[in-house]
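This is input_19.tsv. It holds TSV, C-alpha atoms (C1' of nucleotides).
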```tsv
chain	number	residue	atom	x	y	z
T	1280	MET	CA	163.07	-22.02	43.47
T	1281	ALA	CA	159.71	-20.32	43.78
T	1282	ILE	CA	159.95	-16.55	43.84
T	1283	ILE	CA	158.02	-14.62	46.44
T	1284	LEU	CA	155.78	-11.92	45.01
T	1285	ASP	CA	154.04	-9.21	46.94
T	1286	ASP	CA	150.46	-8.17	46.35
T	1287	ASN	CA	151.42	-5.52	43.81
T	1288	ASP	CA	153.31	-8.02	41.67
T	1289	LYS	CA	150.42	-10.44	41.84
T	1290	ALA	CA	147.99	-7.73	40.82
T	1291	ILE	CA	150.17	-6.83	37.85
T	1292	LEU	CA	150.34	-10.47	36.72
T	1293	ARG	CA	146.61	-10.90	37.12
T	1294	GLU	CA	145.85	-7.84	35.01
T	1295	LEU	CA	148.43	-8.59	32.33
T	1296	GLN	CA	147.20	-12.16	31.97
T	1297	GLU	CA	143.70	-10.81	31.50
T	1298	ASP	CA	144.69	-8.11	29.02
T	1299	ALA	CA	148.26	-7.47	27.98
T	1300	SER	CA	147.31	-4.53	25.78
T	1301	ILE	CA	146.55	-2.32	28.79
T	1302	SER	CA	148.78	0.76	28.94
T	1303	ASN	CA	151.18	1.14	31.81
T	1304	LEU	CA	149.27	4.25	32.87
T	1305	ASN	CA	145.95	2.47	33.20
T	1306	LEU	CA	147.59	-0.53	34.80
T	1307	SER	CA	149.17	1.67	37.47
T	1308	LYS	CA	145.82	3.30	38.20
T	1309	LYS	CA	144.07	-0.05	38.52
T	1310	ILE	CA	146.45	-1.38	41.12
T	1311	GLY	CA	147.16	1.90	42.87
T	1312	LEU	CA	150.81	2.51	42.02
T	1313	SER	CA	152.56	5.39	40.35
T	1314	PRO	CA	153.21	4.83	36.63
T	1315	SER	CA	156.98	4.76	37.00
T	1316	THR	CA	156.91	2.28	39.86
T	1317	CYS	CA	154.44	0.11	38.03
T	1318	LEU	CA	156.61	0.09	34.93
T	1319	ALA	CA	159.69	-0.80	36.95
T	1320	ARG	CA	157.89	-3.75	38.51
T	1321	THR	CA	156.60	-5.00	35.21
T	1322	LYS	CA	160.06	-4.78	33.69
T	1323	ASN	CA	161.44	-6.65	36.64
T	1324	LEU	CA	158.89	-9.44	36.13
T	1325	VAL	CA	160.04	-9.72	32.53
T	1326	GLU	CA	163.72	-9.73	33.47
T	1327	THR	CA	163.36	-12.42	36.12
T	1328	GLY	CA	161.55	-14.56	33.57
T	1329	ILE	CA	158.31	-14.73	35.53
T	1330	ILE	CA	156.73	-13.13	32.50
T	1331	LYS	CA	157.85	-15.35	29.64
T	1332	LYS	CA	156.26	-13.51	26.75
T	1333	PHE	CA	153.41	-11.37	25.55
T	1334	THR	CA	151.31	-13.11	22.98
T	1335	THR	CA	148.13	-12.94	20.98
T	1336	ILE	CA	145.33	-15.48	21.23
T	1337	VAL	CA	143.92	-16.27	17.81
T	1338	ASP	CA	140.53	-17.82	17.16
T	1339	GLU	CA	141.52	-21.02	15.39
T	1340	LYS	CA	138.02	-21.83	14.21
T	1341	LYS	CA	137.82	-18.56	12.31
T	1342	LEU	CA	141.02	-19.55	10.55
T	1343	GLY	CA	139.50	-22.82	9.40
T	1344	ILE	CA	141.08	-25.15	11.92
T	1345	GLU	CA	138.33	-27.67	12.52
T	1346	VAL	CA	140.10	-30.57	14.17
T	1347	THR	CA	141.70	-30.72	17.57
T	1348	ALA	CA	142.90	-34.09	18.77
T	1349	LEU	CA	144.57	-35.55	21.81
T	1350	ALA	CA	146.96	-38.36	21.03
T	1351	LEU	CA	148.46	-40.73	23.58
T	1352	ILE	CA	151.84	-41.94	22.40
T	1353	ASN	CA	154.02	-44.90	23.32
T	1354	LEU	CA	157.65	-45.26	22.35
T	1355	SER	CA	159.40	-48.60	21.94
T	1356	PRO	CA	162.01	-48.99	23.08
T	1357	LEU	CA	161.76	-46.11	25.52
T	1358	ASN	CA	165.33	-44.92	25.91
T	1359	ARG	CA	167.44	-41.80	25.70
T	1360	GLU	CA	167.80	-42.05	21.95
T	1361	THR	CA	164.18	-42.61	21.00
T	1362	ILE	CA	163.05	-39.92	23.43
T	1363	HIS	CA	165.48	-37.43	21.96
T	1364	SER	CA	164.45	-38.15	18.39
T	1365	PHE	CA	160.76	-38.03	19.28
T	1366	LEU	CA	161.02	-34.68	21.03
T	1367	GLU	CA	163.08	-33.28	18.19
T	1368	ASP	CA	160.25	-34.19	15.82
T	1369	ILE	CA	157.61	-32.72	18.08
T	1370	ASN	CA	159.33	-29.38	18.26
T	1371	LYS	CA	159.50	-29.27	14.47
T	1372	TYR	CA	155.75	-29.72	13.97
T	1373	PRO	CA	153.72	-26.53	14.47
T	1374	GLN	CA	150.55	-28.67	14.50
T	1375	VAL	CA	151.62	-30.06	17.87
T	1376	GLN	CA	150.62	-27.44	20.37
T	1377	GLU	CA	151.33	-29.32	23.56
T	1378	CYS	CA	153.40	-32.33	24.55
T	1379	TYR	CA	153.55	-33.81	28.04
T	1380	THR	CA	155.54	-36.67	29.51
T	1381	LEU	CA	153.12	-38.74	31.56
T	1382	THR	CA	153.13	-41.21	34.38
T	1383	GLY	CA	151.14	-44.36	33.79
T	1384	SER	CA	150.61	-46.58	30.80
T	1385	HIS	CA	151.21	-43.98	28.11
T	1386	ASP	CA	154.49	-42.14	27.60
T	1387	TYR	CA	153.28	-38.87	26.07
T	1388	MET	CA	150.18	-36.89	25.38
T	1389	LEU	CA	150.06	-34.57	22.40
T	1390	LYS	CA	147.54	-31.92	21.54
T	1391	ILE	CA	147.36	-31.57	17.79
T	1392	VAL	CA	145.44	-29.11	15.61
T	1393	ALA	CA	144.66	-29.63	11.96
T	1394	LYS	CA	142.60	-28.11	9.20
T	1395	ASP	CA	140.33	-31.12	8.85
T	1396	MET	CA	140.23	-34.86	9.41
T	1397	GLU	CA	142.12	-35.62	6.25
T	1398	SER	CA	144.98	-33.32	7.11
T	1399	TYR	CA	145.05	-34.75	10.63
T	1400	ARG	CA	145.27	-38.25	9.24
T	1401	ASN	CA	147.98	-37.18	6.81
T	1402	PHE	CA	149.95	-35.60	9.60
T	1403	ILE	CA	149.80	-38.72	11.76
T	1404	ILE	CA	150.69	-41.14	8.99
T	1405	ASP	CA	153.05	-39.12	6.81
T	1406	SER	CA	154.85	-37.17	9.51
T	1407	LEU	CA	154.45	-38.36	13.07
T	1408	MET	CA	154.43	-42.13	12.49
T	1409	GLN	CA	157.47	-41.90	10.23
T	1410	ASN	CA	159.48	-42.06	13.43
T	1411	PRO	CA	160.04	-45.81	13.92
T	1412	ALA	CA	160.27	-45.44	17.70
T	1413	ILE	CA	156.56	-44.70	17.94
T	1414	SER	CA	154.86	-47.97	18.76
T	1415	GLY	CA	151.38	-46.72	19.48
T	1416	VAL	CA	149.11	-43.74	18.80
T	1417	ASP	CA	145.78	-43.61	20.57
T	1418	THR	CA	143.77	-40.66	19.27
T	1419	SER	CA	140.81	-39.00	20.94
T	1420	ILE	CA	139.08	-36.35	18.89
T	1421	VAL	CA	138.01	-33.19	20.69
T	1422	MET	CA	134.33	-32.60	20.05
T	1423	SER	CA	134.34	-29.23	21.73
T	1424	THR	CA	136.63	-27.08	23.80
T	1425	GLU	CA	134.79	-26.09	26.96
T	1426	LYS	CA	137.60	-24.13	28.51
T	1427	ARG	CA	141.03	-23.10	27.44
T	1428	THR	CA	143.18	-20.58	29.22
T	1429	VAL	CA	146.85	-19.97	29.77
T	1430	SER	CA	146.25	-17.87	32.86
T	1431	ILE	CA	147.95	-19.15	35.96
T	1432	PRO	CA	145.71	-18.79	39.03
T	1433	ILE	CA	147.83	-16.30	40.95
T	1434	ASP	CA	145.74	-16.76	44.07
T	1435	VAL	CA	146.65	-20.41	44.36
T	1436	VAL	CA	150.29	-19.52	44.85
G	1394	MET	CA	132.78	-19.83	8.31
G	1395	ALA	CA	136.53	-19.63	7.81
G	1396	ILE	CA	137.71	-16.14	6.98
G	1397	ILE	CA	140.13	-15.68	4.12
G	1398	LEU	CA	143.25	-13.79	5.06
G	1399	ASP	CA	145.81	-12.39	2.68
G	1400	ASP	CA	149.54	-12.71	3.21
G	1401	ASN	CA	149.76	-9.43	5.12
G	1402	ASP	CA	147.14	-10.50	7.63
G	1403	LYS	CA	148.89	-13.81	8.11
G	1404	ALA	CA	152.20	-12.07	8.65
G	1405	ILE	CA	150.62	-9.82	11.27
G	1406	LEU	CA	149.14	-12.79	13.12
G	1407	ARG	CA	152.42	-14.66	12.99
G	1408	GLU	CA	154.35	-11.75	14.44
G	1409	LEU	CA	151.79	-10.90	17.10
G	1410	GLN	CA	151.59	-14.51	18.25
G	1411	GLU	CA	155.35	-14.51	18.57
G	1412	ASP	CA	155.54	-11.19	20.39
G	1413	ALA	CA	152.51	-9.06	21.13
G	1414	SER	CA	154.58	-6.28	22.69
G	1415	ILE	CA	156.03	-5.20	19.36
G	1416	SER	CA	155.17	-1.61	18.48
G	1417	ASN	CA	152.97	-0.97	15.49
G	1418	LEU	CA	155.83	0.90	13.86
G	1419	ASN	CA	158.24	-2.04	14.07
G	1420	LEU	CA	155.52	-4.46	13.08
G	1421	SER	CA	154.77	-2.46	9.94
G	1422	LYS	CA	158.46	-2.40	9.03
G	1423	LYS	CA	158.82	-6.13	9.50
G	1424	ILE	CA	156.03	-7.01	7.14
G	1425	GLY	CA	156.55	-4.14	4.71
G	1426	LEU	CA	153.42	-2.06	5.23
G	1427	SER	CA	152.92	1.55	6.17
G	1428	PRO	CA	152.25	2.09	9.89
G	1429	SER	CA	148.71	3.33	9.44
G	1430	THR	CA	147.78	0.49	7.12
G	1431	CYS	CA	149.30	-2.01	9.47
G	1432	LEU	CA	147.40	-0.57	12.40
G	1433	ALA	CA	144.14	-0.61	10.48
G	1434	ARG	CA	144.63	-4.26	9.61
G	1435	THR	CA	145.48	-5.19	13.18
G	1436	LYS	CA	142.41	-3.38	14.46
G	1437	ASN	CA	140.31	-5.17	11.90
G	1438	LEU	CA	141.63	-8.52	13.10
G	1439	VAL	CA	140.59	-7.60	16.63
G	1440	GLU	CA	137.15	-6.42	15.54
G	1441	THR	CA	136.37	-9.51	13.52
G	1442	GLY	CA	137.34	-11.59	16.54
G	1443	ILE	CA	140.18	-13.40	14.81
G	1444	ILE	CA	142.37	-11.91	17.51
G	1445	LYS	CA	140.61	-12.90	20.72
G	1446	LYS	CA	142.88	-11.26	23.25
G	1447	PHE	CA	146.37	-10.14	24.09
G	1448	THR	CA	147.76	-11.98	27.05
G	1449	THR	CA	150.86	-12.61	29.10
G	1450	ILE	CA	152.49	-16.00	29.49
G	1451	VAL	CA	153.65	-16.54	33.04
G	1452	ASP	CA	156.24	-19.10	34.14
G	1453	GLU	CA	154.19	-21.25	36.49
G	1454	LYS	CA	157.18	-23.06	37.95
G	1455	LYS	CA	158.69	-19.80	39.13
G	1456	LEU	CA	155.43	-19.11	40.94
G	1457	GLY	CA	155.65	-22.40	42.79
G	1458	ILE	CA	153.19	-24.43	40.76
G	1459	GLU	CA	154.74	-27.86	40.79
G	1460	VAL	CA	151.96	-30.13	39.70
G	1461	THR	CA	150.26	-30.38	36.35
G	1462	ALA	CA	147.82	-33.21	35.84
G	1463	LEU	CA	145.59	-34.52	33.10
G	1464	ALA	CA	142.34	-35.98	34.35
G	1465	LEU	CA	139.95	-38.07	32.29
G	1466	ILE	CA	136.41	-37.64	33.55
G	1467	ASN	CA	133.23	-39.65	33.17
G	1468	LEU	CA	129.77	-38.43	34.04
G	1469	SER	CA	126.92	-40.65	35.07
G	1470	PRO	CA	124.29	-40.26	33.93
G	1471	LEU	CA	125.52	-38.26	30.96
G	1472	ASN	CA	122.67	-35.92	30.21
G	1473	ARG	CA	121.91	-32.25	29.68
G	1474	GLU	CA	121.64	-31.56	33.38
G	1475	THR	CA	124.82	-33.25	34.57
G	1476	ILE	CA	126.78	-31.77	31.69
G	1477	HIS	CA	125.54	-28.30	32.52
G	1478	SER	CA	126.36	-28.58	36.18
G	1479	PHE	CA	129.78	-30.07	35.46
G	1480	LEU	CA	130.75	-27.32	33.02
G	1481	GLU	CA	129.51	-24.68	35.43
G	1482	ASP	CA	131.87	-26.09	38.05
G	1483	ILE	CA	134.77	-26.26	35.63
G	1484	ASN	CA	134.45	-22.62	34.71
G	1485	LYS	CA	134.50	-21.68	38.39
G	1486	TYR	CA	137.81	-23.40	39.11
G	1487	PRO	CA	140.86	-21.40	38.04
G	1488	GLN	CA	142.99	-24.54	38.57
G	1489	VAL	CA	141.32	-26.08	35.54
G	1490	GLN	CA	143.13	-24.62	32.59
G	1491	GLU	CA	141.64	-26.70	29.83
G	1492	CYS	CA	138.54	-28.82	29.39
G	1493	TYR	CA	137.69	-30.82	26.28
G	1494	THR	CA	134.72	-32.95	25.36
G	1495	LEU	CA	136.06	-36.16	23.89
G	1496	THR	CA	135.00	-38.98	21.64
G	1497	GLY	CA	135.67	-42.45	22.96
G	1498	SER	CA	135.46	-44.03	26.36
G	1499	HIS	CA	136.00	-40.88	28.43
G	1500	ASP	CA	133.68	-37.89	28.42
G	1501	TYR	CA	136.10	-35.08	29.27
G	1502	MET	CA	139.74	-34.33	29.67
G	1503	LEU	CA	140.86	-31.67	32.10
G	1504	LYS	CA	144.22	-30.08	32.49
G	1505	ILE	CA	144.70	-29.04	36.09
G	1506	VAL	CA	147.49	-27.10	37.80
G	1507	ALA	CA	148.20	-27.10	41.53
G	1508	LYS	CA	150.81	-25.94	43.97
G	1509	ASP	CA	151.78	-29.45	45.02
G	1510	MET	CA	150.41	-32.96	45.25
G	1511	GLU	CA	148.51	-32.29	48.41
G	1512	SER	CA	146.71	-29.30	47.01
G	1513	TYR	CA	145.93	-31.30	43.85
G	1514	ARG	CA	144.47	-34.08	45.93
G	1515	ASN	CA	142.48	-31.59	47.98
G	1516	PHE	CA	141.13	-30.00	44.85
G	1517	ILE	CA	140.00	-33.32	43.37
G	1518	ILE	CA	138.38	-34.59	46.55
G	1519	ASP	CA	137.06	-31.44	48.17
G	1520	SER	CA	136.01	-29.54	45.06
G	1521	LEU	CA	135.78	-31.49	41.85
G	1522	MET	CA	134.40	-34.78	43.19
G	1523	GLN	CA	131.77	-32.96	45.22
G	1524	ASN	CA	129.72	-32.99	42.06
G	1525	PRO	CA	127.74	-36.27	42.31
G	1526	ALA	CA	127.50	-36.60	38.54
G	1527	ILE	CA	131.20	-37.40	38.29
G	1528	SER	CA	131.49	-41.15	38.25
G	1529	GLY	CA	135.15	-41.49	37.42
G	1530	VAL	CA	138.39	-39.54	37.55
G	1531	ASP	CA	141.45	-41.06	35.93
G	1532	THR	CA	144.48	-38.91	36.66
G	1533	SER	CA	147.80	-38.88	34.80
G	1534	ILE	CA	150.48	-36.74	36.35
G	1535	VAL	CA	152.59	-34.67	33.97
G	1536	MET	CA	156.25	-35.39	34.64
G	1537	SER	CA	157.44	-32.70	32.30
G	1538	THR	CA	156.05	-30.31	29.75
G	1539	GLU	CA	158.01	-30.78	26.54
G	1540	LYS	CA	156.09	-28.27	24.49
G	1541	ARG	CA	153.34	-25.81	25.16
G	1542	THR	CA	152.24	-23.09	22.80
G	1543	VAL	CA	149.06	-21.25	21.99
G	1544	SER	CA	150.30	-20.22	18.57
G	1545	ILE	CA	148.10	-21.37	15.75
G	1546	PRO	CA	150.18	-22.53	12.80
G	1547	ILE	CA	149.10	-19.90	10.29
G	1548	ASP	CA	150.73	-21.75	7.40
G	1549	VAL	CA	148.49	-24.75	7.86
G	1550	VAL	CA	145.43	-22.67	7.00
E	568	DC	C1'	143.81	0.73	-0.16
E	569	DT	C1'	147.60	3.37	0.75
E	570	DT	C1'	150.53	7.43	2.16
E	571	DG	C1'	152.06	11.52	4.89
E	572	DA	C1'	151.70	14.86	8.44
E	573	DA	C1'	150.27	16.76	12.76
E	574	DA	C1'	148.61	16.39	17.61
E	575	DG	C1'	148.14	13.95	21.55
E	576	DA	C1'	149.53	10.28	24.76
E	577	DG	C1'	152.51	7.15	26.78
E	578	DA	C1'	157.19	5.08	27.78
E	579	DC	C1'	161.40	5.61	29.95
E	580	DA	C1'	165.41	7.64	32.34
E	581	DC	C1'	166.42	10.83	35.30
E	582	DG	C1'	166.78	13.02	40.08
E	583	DT	C1'	164.57	13.29	44.77
E	584	DC	C1'	162.67	11.62	48.93
R	570	DG	C1'	161.78	0.94	47.07
R	571	DA	C1'	158.33	4.76	45.66
R	572	DC	C1'	157.29	9.18	43.45
R	573	DG	C1'	157.39	13.25	40.10
R	574	DT	C1'	159.27	15.62	35.92
R	575	DG	C1'	161.03	16.15	31.27
R	576	DT	C1'	162.22	14.31	26.82
R	577	DC	C1'	161.41	11.52	23.19
R	578	DT	C1'	159.16	8.05	20.63
R	579	DC	C1'	154.91	5.93	19.25
R	580	DT	C1'	150.09	5.83	18.48
R	581	DT	C1'	146.21	7.72	16.29
R	582	DT	C1'	143.49	10.58	13.52
R	583	DC	C1'	142.75	13.09	9.41
R	584	DA	C1'	143.15	14.76	4.71
R	585	DA	C1'	144.71	13.54	0.24
R	586	DG	C1'	146.50	10.57	-3.64
```
As structure tokens, what does this structure read like?
Amino acid sequence: MAIILDDNDKAILRELQEDASISNLNLSKKIGLSPSTCLARTKNLVETGIIKKFTTIVDEKKLGIEVTALALINLSPLNRETIHSFLEDINKYPQVQECYTLTGSHDYMLKIVAKDMESYRNFIIDSLMQNPAISGVDTSIVMSTEKRTVSIPIDVV
Amino acid sequence: MAIILDDNDKAILRELQEDASISNLNLSKKIGLSPSTCLARTKNLVETGIIKKFTTIVDEKKLGIEVTALALINLSPLNRETIHSFLEDINKYPQVQECYTLTGSHDYMLKIVAKDMESYRNFIIDSLMQNPAISGVDTSIVMSTEKRTVSIPIDVV
DNA sequence: CTTGAAAGAGACACGTC
DNA sequence: GACGTGTCTCTTTCAAG
């Protein structure tokens, strides 16, 4: 399933993860390829789905988002139906930025952003907990974000 | 501290979060502004730091990254020195994608990616745990990622 | 704050090796 | 696959409303 990339592809991914606004011309110079070749490779990375999208990272604090929380969730009963309905909810809520199925004593972990504590509380009670399958919500408030990146370490691969 | 944005700014952020590769011309059409005005506003968002960076989202599975883990960390003793040395480590490791300071019984939560279980284990033992201040690592393996976005819900603000 | 126009640069599709 | 050229579109700057 894993796709083999050569050093040029890796260099392109590294650069584009760092700064996607770089022009194809500058990118080609940086990694030592001709502009047309570089463009063809980048397009190929998009077409194969290795590059999923180009996006913009926004400073949430400057927009007034003051609360980030991690919530461990348990469903009861945990079956195909409750899982489906839970995940349907999750995908509806833009406040939920991440959702992972876990091993261990908790079924899911959510990362939730909110304007302030009151709006977080309202979201949990008025929206999330409205789903009767949710039997437990264990919230940890994030005091500070020390690191947050979406860059995949290309070298590890 | 929160900066007030008008509807045009919000529309720009929404679009750019969705797709940062859109041309300024198309962006201006979508939100009903002239190209030069739209560009000026976008540049302003970058200068004020509301837009932190443009980046590329890479499909980690296609690169052969098979393990994602959440690790709850405790430091002992928890003081200025151990915190500093721990965060210095964290910022060195590209495998650590996210690090949050938490309220509650655990000090930090890390999100870690690795090629496979063995390389995850090696990372924890040979790198992370080499720091003597770390007194506990409680790992939950991610079985599947149900949702993962970096888009800030602009409407919430 | 917005519009319009003009110049410069880059993207993209060729053909060639 | 990689490179070079030409066309065409977009960005970007400037003057003006």
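Here CA of Ser1544 (chain G) stands at a distance of 5.9 Å from CA of Gln1410 (chain G).
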task = Pull out every residue of chain E that has at least one atom within 9 Å of chain G, counting all atoms listed in the file, and report them as an NGL selection string.
result = :E and (568-570)
request  = Tell me which protein, DNA and RNA residues are within 10 Å of region 571-573 of chain E, counting all atoms listed in the file, leaving out same-chain ones fewer than 6 positions away, and put them as a ChimeraX atom specification.
outcome  = /G:1429 /R:582-585
request  = Could you tell me how far CA of Asp1509 (chain G) lies from CA of Gly1457 (chain G), in Å and to one decimal?
outcome  =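 It comes out at 8.3 Å.
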inquiry  = Report as a list in words all protein, DNA and RNA residues lying within 6 Å of Leu1354 (chain T), evaluated on only C-alpha atoms (C1' of nucleotides), omitting residues in the same chain fewer than 3 positions from it.
reply    = Leu1357, Ala1412, Ile1413 and Ser1414 of chain T
Size and centre in Å, one decimal, axis-aligned box, all listed region 1514-1525 of chain G atoms plus 8 Å per side, as JSON:
```
{"center_x": 136.1, "center_y": -32.9, "center_z": 45.0, "size_x": 32.7, "size_y": 22.7, "size_z": 22.3}
```
query = Looking at only C-alpha atoms, which of G:Glu1511, G:Glu1481, G:Glu1459, G:Asp1531 is the one that sits closest to Ser1384 (chain T)?
reply =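 Checking each candidate against Ser1384 (chain T), we get G:Asp1531 as the closest.
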request  = Over all C-alpha atoms, paired in order, superpose chain T onto chain G by least squares and report how large the RMSD is in Å.
outcome  =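 Between these identical-sequence chains, the C-alpha RMSD is 0.0 Å.
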key: Given all atoms listed in the file as the counted atoms, nearest of T:Ile1330, T:Ile1362, T:Cys1317, T:Ile1369 to chain R   = T:Cys1317
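Coordinates place CA of Phe1447 (chain G) at a distance of 23.0 Å from CA of Leu1284 (chain T).
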Can you build me a table of chain R residues sitting at most 9 Å from chain G, with the closest atom pair per residue and its distance in Å to one decimal, using only C-alpha atoms (C1' of nucleotides), sorted by chain and residue number, as a Markdown table?
```
| residue | atom | partner | partner_atom | distance |
| --- | --- | --- | --- | --- |
| R:DC579 | C1' | G:Leu1418 | CA | 7.4 |
| R:DT580 | C1' | G:Asn1417 | CA | 8.0 |
| R:DT581 | C1' | G:Ser1429 | CA | 8.5 |
```
inquiry  = What are the residues of chain T lining chain G at 8 Å or less? Count all atoms listed in the file, and put the answer as JSON, numbers by chain.
reply    = {"T": [1280, 1281, 1282, 1283, 1292, 1295, 1296, 1297, 1298, 1299, 1300, 1328, 1329, 1330, 1331, 1332, 1333, 1334, 1335, 1336, 1337, 1338, 1339, 1340, 1341, 1342, 1343, 1344, 1366, 1369, 1370, 1373, 1374, 1376, 1377, 1378, 1379, 1380, 1381, 1382, 1383, 1393, 1394, 1419, 1420, 1421, 1422, 1423, 1424, 1425, 1426, 1427, 1428, 1429, 1430, 1431, 1432, 1435, 1436]}
ask   = Contacts of DG582 (chain E) at 12 Å or less, counting all atoms listed in the file, minus same-chain residues fewer than 3 places along, as a list in words?
value =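 Here the answer would be DC572, DG573, DT574 and DG575 of chain R.
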